[in-house]
Every structure is written in structure tokens, then in C-alpha cells.
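Student: I have a structure here, written as C-alpha cells, and I will follow up with some questions on it.
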Amino acid sequence: MQLISAGHSPESAESWAAGCTAWANADPKAIDAFAMADLRMQRAIANRRPEEAWLKALEQAAQAWVDHRGILQAAL
């Protein structure tokens, strides 16, 4: 999230993370689940403090990552 919210594309952020053994060995479904959980968390936090632009930026970064991964959001 930090890389994406700092201006990296989701593709670039994932490329950087690919150098980490844990990321490289992770099940893509687990990464998807984490991305969705992070989006839900970021959205909830941003909704509690709408005056904080940086929280909205983190929510938007999480949304960009979920969109990049092609995750359906019916459960949100």
C-alpha cells in the first residue's frame, strides 16, 4: 500500500515485492484475500476520519491494487 500510495503502479509494487521470498512463494489466492482485507480495513478507517486526505489516499491505493489483481468485490 505504501508503494502504491507513494505513486508506484500496482504492477511496479508487485514487481518490487517479487524479490521477497515470502511473496514469491505465496499462494496468489492468499495475496488476493490479503488485498481485499486491506481494502476493507483502509475503507473503514478512511470513513471514520473523512477529513484526513492521507487515509483516503491509502484507501484509493488499496482499491487500485484490488483492481489490478482483478478481484471481484461483491463481498464488500
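Labels used: A, B, ... for chains in the order of the C-alpha cells, numbers from 1 for residues in each chain, and numbers from 1 for ligands as shown.
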Residues of chain A in helix (DSSP H, G or I) according to DSSP, as a VMD selection string?
Tutor: chain A and resid 2 to 5 10 to 17 21 to 25 28 to 48 53 to 69
Student: Can you list, as a PyMOL selection string, every protein, DNA or RNA residue that comes within 7 Å of segment 4-8 of chain A when you count only C-alpha atoms, leaving out same-chain residues fewer than 5 positions away?
Tutor: chain A and resi 13+57-58+61
Student: Could you pull the residues within 10 Å of Asp32 of chain A, counting only C-alpha atoms, minus those fewer than 3 positions along the same chain, as a ChimeraX atom specification?
Tutor: /A:27-29,35-38,65-66,69-72
Student: Which value, in Å to one decimal, gives the distance between atom CA of Phe34 of chain A and atom CA of Gln73 of chain A?
Tutor: 13.1 Å
Student: Compare A:Gln63, A:Thr21, A:Ser9, A:Gln2 by their minimum atom-to-atom distance to Arg43 of chain A, counting only C-alpha atoms, and give me the closest one.
Tutor: A:Gln63
Student: Atom CA of Gln42 of chain A and atom CA of Glu59 of chain A, how far apart in Å?
Tutor: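 So the answer is 4.9 Å.
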Student: Separation of atom CA of Ala26 of chain A and atom CA of Arg40 of chain A, in Å?
Tutor: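 One can read the atom CA of Ala26 of chain A to atom CA of Arg40 of chain A distance as 20.8 Å.
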